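First up is the structure itself, then whatever we jot down about it.
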Amino acid sequence: MTTNAIVDLRSDTVTRPSPGMRRAIAEAEVGDDVLGDDPTVKHLQERLAALLGKEDALFFPSGTQANQVGILLNTQQGTEAICEANAHIFHYEFAAAATWSGVQLRPVPTDDGLLTAEQARPYIRPPSPHLARTSLICAENTHNMAGGKVMPLEVLRGLRELASEHSLLLHLDGARLWNAAAATGAAPSEYAAQADTVMVCLSKGLGGPIGSALAGSAEAMERAWTLRKRLGGGMRQVGILAAAALYALDHNLPRLPEDHARARRLMESVDGLDGFRVVPPDTNIIMIDIERDDLTPEDAVRYLEEQGVRVLATGPRRLRAVTHLDVDDAGIERACEAFRALAESRAR
Ligand SMILES: Cc1ncc(COP(=O)(O)O)c(C=O)c1O
């Protein structure tokens with residue numbers, strides 16, 4: 001599949017719908033979903049609610065919008081939401097929590113992206129006439145910028161207990177919850193059970209072209225429907241996207257362990273190279289640190305691109321590579337070879 005094409009490891013969002021998925025899209029039964037008429041969307045939402053063990057789920061155009069509706073649902077204007085300092089909602093959603101919810105995010109620095117109850121506890125504001133009230137804890141699993149790190153169930157349970165102890169709600173950004181479940185063998189519903197609302201993506205790793213979902217109680221999802229509409233997320237014959245998502249759940253969910261194995265293969269190959277250190281990946285995201293002064297991440301990206309391999313520069317010394325269903329074993333071997341050539345081209 002990747003023999004002659006570019007090996008695109010920038011993100012697991014770069015996948016293109018397969019012929020089977022395109023057929024499912026073409027054959028989808030559709031209706032106006034804003035009027036509640038789309039049977040394929042209904043089917044997808046029921047399927048996701050069951051997978052996540054929640055009363056209801058709602059289909060969204062993006063993970064960002066679903067996260068933000070999760071925050072809107074679970075907070076009040078002028079309150080604070082605690083999150084890990086490298087969380088997606090903090091860095092990559094354009095201050096949306098401040099914009100739409102009027103909520104101040106309170107980032108908690110951690111060494112490895114794993115926000116534990118012990119780390120979060122001191123960030124909960126005590127009742128005070130001077131301080132904003134804490135309303136929500138946000139968790140991210142897997143953690144994107146921590147290299148697809150899995151938040152173990154017991155850590156998430158600890159956050160749940162902390163939240164309950166202080167009457168806070170808990171939102172789970174599970175853009176890649178499927179990867180966490182595939183890596184640990186736990187069911188997605190076991191993670192989701194710890195959260196009041198959970199967001200999942202169908203467009204990362206699973207290969208859907210567009211689409212995320214928010215799941216929670218029936219009451220919360222009824223309110224979420226209105227908030228989604230208010231944000232411009234009401235979609236009409238969106239069964240064509242729901243059909244792609246259903247196809248992704250049937251065909252691409254079971255194969256996620258392949259992506260994790262390929263990430264490990266790339267890690268093993270690159271980690272030994274002169275001047276490169278790789279954070280061992282839990283799932284499909286590989287963080288590669290450049291430990292030599294004569295090479296910037298931007299230079300590395302350019303060199304690798306010339307070799308037909310795309311990665312992203314995500315920090316002053318860091319590259320990110322992500323495996324996904326459009327990169328096969330041959331593609332990974334080409335990436336390993338390109339990194340070897342990069343290391344040798346700069347041989348000291
Ligand atoms: C952890 C995490 N949350 C949320 C999102 C947002 O998803 P979208 O790009 O669909 O808005 C992403 C996207 O990369 C992500 O990695």
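Residues in the structure tokens are numbered from 1 in each chain, the chains being A, B, ... in the order shown, and ligands are numbered from 1 in the order shown.
Excluding Val41 in chain A itself and same-chain residues fewer than 4 positions from it, the residues having an atom within 8 Å of it are Asp33, Gln45, Phe59, Val238, Gly239, Ala242 and Ala243 of chain A, counting only C-alpha atoms.
Residues of protein or nucleic acid lying within 7 Å of ligand 1, counting only C-alpha atoms and all ligand atoms, are Ser62, Gly63, Thr64, Gln65, Asn67, His88, Ile89, Glu140, Thr142, His143, Asn144, Asp173, Gly174, Ala175, Arg176, Cys201, Ser203, Gly211 and Ser212 of chain A.
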Could those selected residues go to a file with N, CA and C atoms, as a PDB file, in the first residue's frame?
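See again-v1.pdb below for the written result:
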```pdb
ATOM      1  N   SER A  62     -16.659  17.364  14.928  1.00  0.00           N
ATOM      2  CA  SER A  62     -15.242  17.307  15.309  1.00  0.00           C
ATOM      3  C   SER A  62     -15.091  17.001  16.792  1.00  0.00           C
ATOM      4  N   GLY A  63     -13.892  16.541  17.141  1.00  0.00           N
ATOM      5  CA  GLY A  63     -13.576  16.279  18.538  1.00  0.00           C
ATOM      6  C   GLY A  63     -13.566  17.566  19.337  1.00  0.00           C
ATOM      7  N   THR A  64     -13.089  18.632  18.723  1.00  0.00           N
ATOM      8  CA  THR A  64     -13.034  19.916  19.423  1.00  0.00           C
ATOM      9  C   THR A  64     -14.441  20.352  19.823  1.00  0.00           C
ATOM     10  N   GLN A  65     -15.381  20.276  18.887  1.00  0.00           N
ATOM     11  CA  GLN A  65     -16.737  20.725  19.224  1.00  0.00           C
ATOM     12  C   GLN A  65     -17.359  19.837  20.314  1.00  0.00           C
ATOM     13  N   ASN A  67     -15.707  18.086  22.634  1.00  0.00           N
ATOM     14  CA  ASN A  67     -15.048  18.434  23.906  1.00  0.00           C
ATOM     15  C   ASN A  67     -15.654  19.693  24.496  1.00  0.00           C
ATOM     16  N   HIS A  88      -4.956  18.565  25.127  1.00  0.00           N
ATOM     17  CA  HIS A  88      -5.451  19.129  23.866  1.00  0.00           C
ATOM     18  C   HIS A  88      -6.366  20.312  24.115  1.00  0.00           C
ATOM     19  N   ILE A  89      -7.280  20.173  25.089  1.00  0.00           N
ATOM     20  CA  ILE A  89      -8.250  21.265  25.325  1.00  0.00           C
ATOM     21  C   ILE A  89      -7.552  22.539  25.780  1.00  0.00           C
ATOM     22  N   GLU A 140      -7.428  13.154  29.665  1.00  0.00           N
ATOM     23  CA  GLU A 140      -7.210  12.845  28.235  1.00  0.00           C
ATOM     24  C   GLU A 140      -6.602  11.449  28.130  1.00  0.00           C
ATOM     25  N   THR A 142      -6.063   8.277  25.085  1.00  0.00           N
ATOM     26  CA  THR A 142      -4.654   8.412  25.399  1.00  0.00           C
ATOM     27  C   THR A 142      -4.256   9.889  25.298  1.00  0.00           C
ATOM     28  N   HIS A 143      -3.106  10.212  25.901  1.00  0.00           N
ATOM     29  CA  HIS A 143      -2.656  11.604  25.925  1.00  0.00           C
ATOM     30  C   HIS A 143      -1.789  11.854  24.690  1.00  0.00           C
ATOM     31  N   ASN A 144      -2.303  12.724  23.829  1.00  0.00           N
ATOM     32  CA  ASN A 144      -1.651  12.972  22.539  1.00  0.00           C
ATOM     33  C   ASN A 144      -0.210  13.452  22.715  1.00  0.00           C
ATOM     34  N   ASP A 173     -11.571  13.393  27.526  1.00  0.00           N
ATOM     35  CA  ASP A 173     -11.232  13.565  26.118  1.00  0.00           C
ATOM     36  C   ASP A 173     -10.644  12.237  25.659  1.00  0.00           C
ATOM     37  N   GLY A 174     -11.493  11.443  25.039  1.00  0.00           N
ATOM     38  CA  GLY A 174     -11.079  10.104  24.596  1.00  0.00           C
ATOM     39  C   GLY A 174     -10.939  10.061  23.082  1.00  0.00           C
ATOM     40  N   ALA A 175     -10.329  11.107  22.514  1.00  0.00           N
ATOM     41  CA  ALA A 175     -10.125  11.120  21.060  1.00  0.00           C
ATOM     42  C   ALA A 175      -9.539   9.783  20.600  1.00  0.00           C
ATOM     43  N   ARG A 176      -8.621   9.246  21.428  1.00  0.00           N
ATOM     44  CA  ARG A 176      -8.004   7.941  21.110  1.00  0.00           C
ATOM     45  C   ARG A 176      -8.248   6.937  22.238  1.00  0.00           C
ATOM     46  N   CYS A 201     -13.344   9.944  19.020  1.00  0.00           N
ATOM     47  CA  CYS A 201     -13.237  10.307  17.602  1.00  0.00           C
ATOM     48  C   CYS A 201     -13.327   9.063  16.731  1.00  0.00           C
ATOM     49  N   SER A 203     -12.416   9.685  13.514  1.00  0.00           N
ATOM     50  CA  SER A 203     -11.602  10.189  12.410  1.00  0.00           C
ATOM     51  C   SER A 203     -10.104  10.084  12.694  1.00  0.00           C
ATOM     52  N   GLY A 211     -15.820  13.083  11.993  1.00  0.00           N
ATOM     53  CA  GLY A 211     -16.803  12.633  12.981  1.00  0.00           C
ATOM     54  C   GLY A 211     -16.241  12.253  14.329  1.00  0.00           C
ATOM     55  N   SER A 212     -16.920  12.753  15.360  1.00  0.00           N
ATOM     56  CA  SER A 212     -16.622  12.424  16.749  1.00  0.00           C
ATOM     57  C   SER A 212     -17.956  12.260  17.450  1.00  0.00           C
TER      58      SER A 212
END
```
Looking only at strand (DSSP E) from DSSP on the backbone, list the matching residues of range 150-194 of chain A as a list in words. Leu169, Leu170, His171, Leu172, Asp173 and Gly174 of chain A
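Closest approach to Thr79 in chain A among A:Leu177, A:Val278, A:Ala132, A:Leu115: A:Ala132, based on only C-alpha atoms.
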From A:Ile6, A:Ala49, A:Leu304, A:Ile285, residue lying nearest Gly148 in chain A [only C-alpha atoms]: A:Ile285
Selection: 10 Å around Pro257 in chain A, only C-alpha atoms, excl. self and same-chain fewer than 6 positions, as a VMD selection string: chain A and resid 179 181 to 183 263 283 to 284
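Checking A:Leu170, A:Ala300, A:Val309, A:Ala186 one by one against Gly158 in chain A, counting only C-alpha atoms, you find the shortest gap at A:Leu170.
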Pick out the residues sitting within 12 Å of Glu46 in chain A, and hand them over as a VMD selection string; count only C-alpha atoms, and ignore anything fewer than 5 positions along from it in its own chain. chain A and resid 39 to 41 51 to 59 213 to 216 218 242 246
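The gap separating CA of Ala245 in chain A from CA of Leu72 in chain A is 25.0 Å, in Å to one decimal.
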For Ile290 in chain A: contacts at 7 Å, only C-alpha atoms, fewer than 5 positions along chain excluded, given as an NGL selection string: :A and (275-277 or 317-318)
Members of range 55-234 of chain A assigned alpha helix (DSSP H) by DSSP, as a PyMOL selection string: chain A and resi 63-74+88-91+96+117-120+153-165+177-184+188-192+218-230
I'd like the neighbourhood of Ala163 in chain A as number ranges by chain, where a residue qualifies if any of its atoms comes within 10 Å (using only C-alpha atoms), though same-chain residues fewer than 4 positions away should be ignored. A: 117, 120-121, 124, 134-137, 157-159, 167-170, 194-195
Within 10 Å of range 340-345 of chain A, counting only C-alpha atoms, which residues qualify if same-chain residues fewer than 6 places away don't, as a ChimeraX atom specification? /A:269-270,272-276,295,299-301,303-304,307,334
With only C-alpha atoms as the atoms that count, which of A:Leu202, A:Leu162, A:Ala261, A:Leu44 lies nearest to Ala28 in chain A? A:Leu44
